[in-house]
Structure formats: structure tokens, C-alpha cells
Amino acid sequence: MDLLDRFRGCLLGVAVGDALGMPTEGYTAREISSKFGMVREMMQAPEGHFHSGLSAGQFTDDTEETLLLAESLIESSGFSPDRFAEKLTAWGATWTLNERLNRGVGFATRSAVESMIAGTPWQQSGLNIPTCGAAMRAAPIGLLYHTNLNIVKSYADLQSLPTHTSAAARAAAVAVAVGVALSFNGFPPEMILRNAASQASRLDAYFAERLLWVGDLLDRKPEDALGVIRNSPLAAETVPAAFYCFLKFEPEEALVMAASSGGDTDSIASIAGSLFGAAKGSRWIPESWLAVLEGRERIEDKARGLCQLSSSICR
């Protein structure tokens, strides 16, 4: 498998997972079963939903922030927290002027970005809230720096700080970025889980325990396992749920389960998609998903840019 396809697969995996889970975000598993059945195809957000107005294949802030991070890496030839904060601020200016452009931005990210727009430096703008906003966007760090886990850990942590300063949020971002790097390098899923938890434990021991616990749940029925992991936007729920789907299922079925099991469905599916894409490239992604995916050209362009930059950094 060529390296470029792993970059493509990772970023496309983020986007298709996000778009698949977009219309079901916030519903319980029972509500999703009643309203949608198993979520196997892209759908528009239903009337009255907080994503109402988004069409089948459109993504949320999860993918938008992932692409902003990727763009900042490419433009700065590596990670620059100043440049990333500038990208977040410029993006925030669009949806503060037009609320229809706000695709579900979480409370911590919204508050931090609005604070930066008002002039607060990024070093002081983040909130001590343990949600998954920094984790859901961290994949490009793992892709770009996949040859050095120390760099992955440091930069995944640092990119969290403009919006999320809590230990759990930072640890979750480290776990996702490390997971992507190890997936890219072909490690088996169980080893990826252990190493991601180990790296995250240096920031938050409880989060790391929750993540490692996923490995003990693989023999349970999926609905039971996901029920005890839970699926709120808390980093200690969303990220373990995504890793569970990564370890338990084949790629397409993993994203279907993530989108159908309730809670923060778009984030769980997008993180799982990033792990599968880094490991397997893009060939597993159903063509019916890609055919309606918003911004596919932009996503693939960022994948090429990261791949080219990574080649120069690794050399």
C-alpha cells in the first residue's frame, strides 16, 4: 500500500465517520434504532435536530478542525501553535458572524475561540473542560510525525491548549494521535491500544485506565460493551468508544456501529475512521459514502500536502 493512500484514508476516514454520525448525534441508541435503523448510508439531519439543514455527506466541526490543523501544519512546514490558533480564530470569525456556519462547535471550543477573537492569547484561551474537542482533530499530528512518538505526544498535547487545558482532554488528544501514528506504522490493534494508553497516562491516569479497559470488553456483546463505556462528549467516554470500535469490528461495520450506538456519534465514528484509514488506506471506504462526501477534493489535497511534508521531515 502506498503511503499517500494511508494519508488519504486517515483524513477521509475522519470525514466519512463524521458525516455518517452527523444526523444521529445526541440521540440514544434506542432513538436511533427507532428513527433510522442501523446507519449504513449517509443521511441528512432530521428536522428539529441541531444539525438540521445539513445534507447527506456533510460533516461537522470535527472534520473542519482536523482540516484546519492539517492546513496549519502544511503552511508552517510543521506544527506551529501560533499558526493553528490563527486558523481557529479566522474560522471562528465566520460562524460568529453567521450562526448557520456553526456546525455543532462544542462549548469549550466555542468559548475559547470567541476569547481569542476578542484578543486573548492562545496560551490563556483554553478551558479546563474534559471533553473530546482536542482529541477529535488530533489525527494530522500522528500522520505527519509518525516516525517519532515523543514528537507526536508533545504536539498532540500542545495543539489541545488553545481550546482544552484539562488533563483528560489533553490525554485523549495524545491517545488519538499516537493511535494514528502506530496504525500508520502497521502495529496490531491491541498493541496500539496499550501504547496509546501508556502515552496518555503521563497526562491523566484515569483516562488511560478507561482506555486500556476497552481491551477487557471485546468478548461482550457490542451493545453491552458500548453501553458501559458510554458515549457522551467527555473525552473519557468518546475516545475509548472509538478505540473499542477500532478493535472490535472491520472498518465499515465499526463506523456503522459508532453512528448507530448513540451519544457523540460523529466524534466516535470520525476517530475510529482515522485509525482505520491510517492502518488500511482508503480502499475500505464504501463508494456510496465517498460519492456524497462534502469537500472530498479539499480533504485529499491536505492528505497530499501532509504526505509530501512528512517525506521531507522523515528524510
# chains A, B, ... in the order shown; residues from 1 in each chain; ligands from 1

$ select_by_dssp --residues "stretch 119-292 of chain A" --states "strand (DSSP E or B)" --output "PDB file with C-alpha atoms, in the first residue's frame"
ATOM      1  CA  LEU A 127     -10.919  25.929  29.142  1.00  0.00           C
ATOM      2  CA  THR A 131     -14.425  16.963  26.585  1.00  0.00           C
ATOM      3  CA  HIS A 164      -8.818  22.464  26.021  1.00  0.00           C
ATOM      4  CA  LEU A 234     -16.458  13.531  27.648  1.00  0.00           C
ATOM      5  CA  GLY A 262     -25.929   6.928  20.412  1.00  0.00           C
TER       6      GLY A 262
END

$ select_by_dssp --residues "stretch 71-292 of chain A" --states "alpha helix (DSSP H)" --output "MDAnalysis selection string"
chainID A and resid 71:75 81:97 107:117 122:125 139:144 149:160 167:184 189:201 205:213 222:229 235:248 251:260 265:280 287:292

$ residues_around --residues "A:Phe246" --least-positions-apart "6" --cutoff "10 Å" --atoms "only C-alpha atoms" --output "PyMOL selection string"
chain A and resi 189-190+193+240+253-255+258+269+271-276

$ residues_around --residues "A:Asn148" --least-positions-apart "4" --cutoff "10 Å" --atoms "only C-alpha atoms" --output "number ranges by chain"
A: 142, 144, 152-153, 178, 181-182, 314

$ write_last_selection --atoms "C-alpha atoms" --output "mmCIF file, in the first residue's frame"
data_model
loop_
_atom_site.group_PDB
_atom_site.id
_atom_site.type_symbol
_atom_site.label_atom_id
_atom_site.label_comp_id
_atom_site.auth_asym_id
_atom_site.auth_seq_id
_atom_site.Cartn_x
_atom_site.Cartn_y
_atom_site.Cartn_z
ATOM 1 C CA GLY A 142 0.033 11.416 14.245
ATOM 2 C CA LEU A 144 2.870 13.910 9.990
ATOM 3 C CA VAL A 152 3.545 13.099 18.392
ATOM 4 C CA LYS A 153 2.828 13.184 22.126
ATOM 5 C CA VAL A 178 -0.384 8.127 18.981
ATOM 6 C CA ALA A 181 0.888 7.049 14.209
ATOM 7 C CA LEU A 182 1.050 3.429 15.317
ATOM 8 C CA CYS A 314 11.346 11.891 7.849
#

$ closest_residue --among "A:Ala259, A:Val113, A:Ala279, A:Leu4" --to "A:Ser183" --atoms "only C-alpha atoms"
A:Ala279
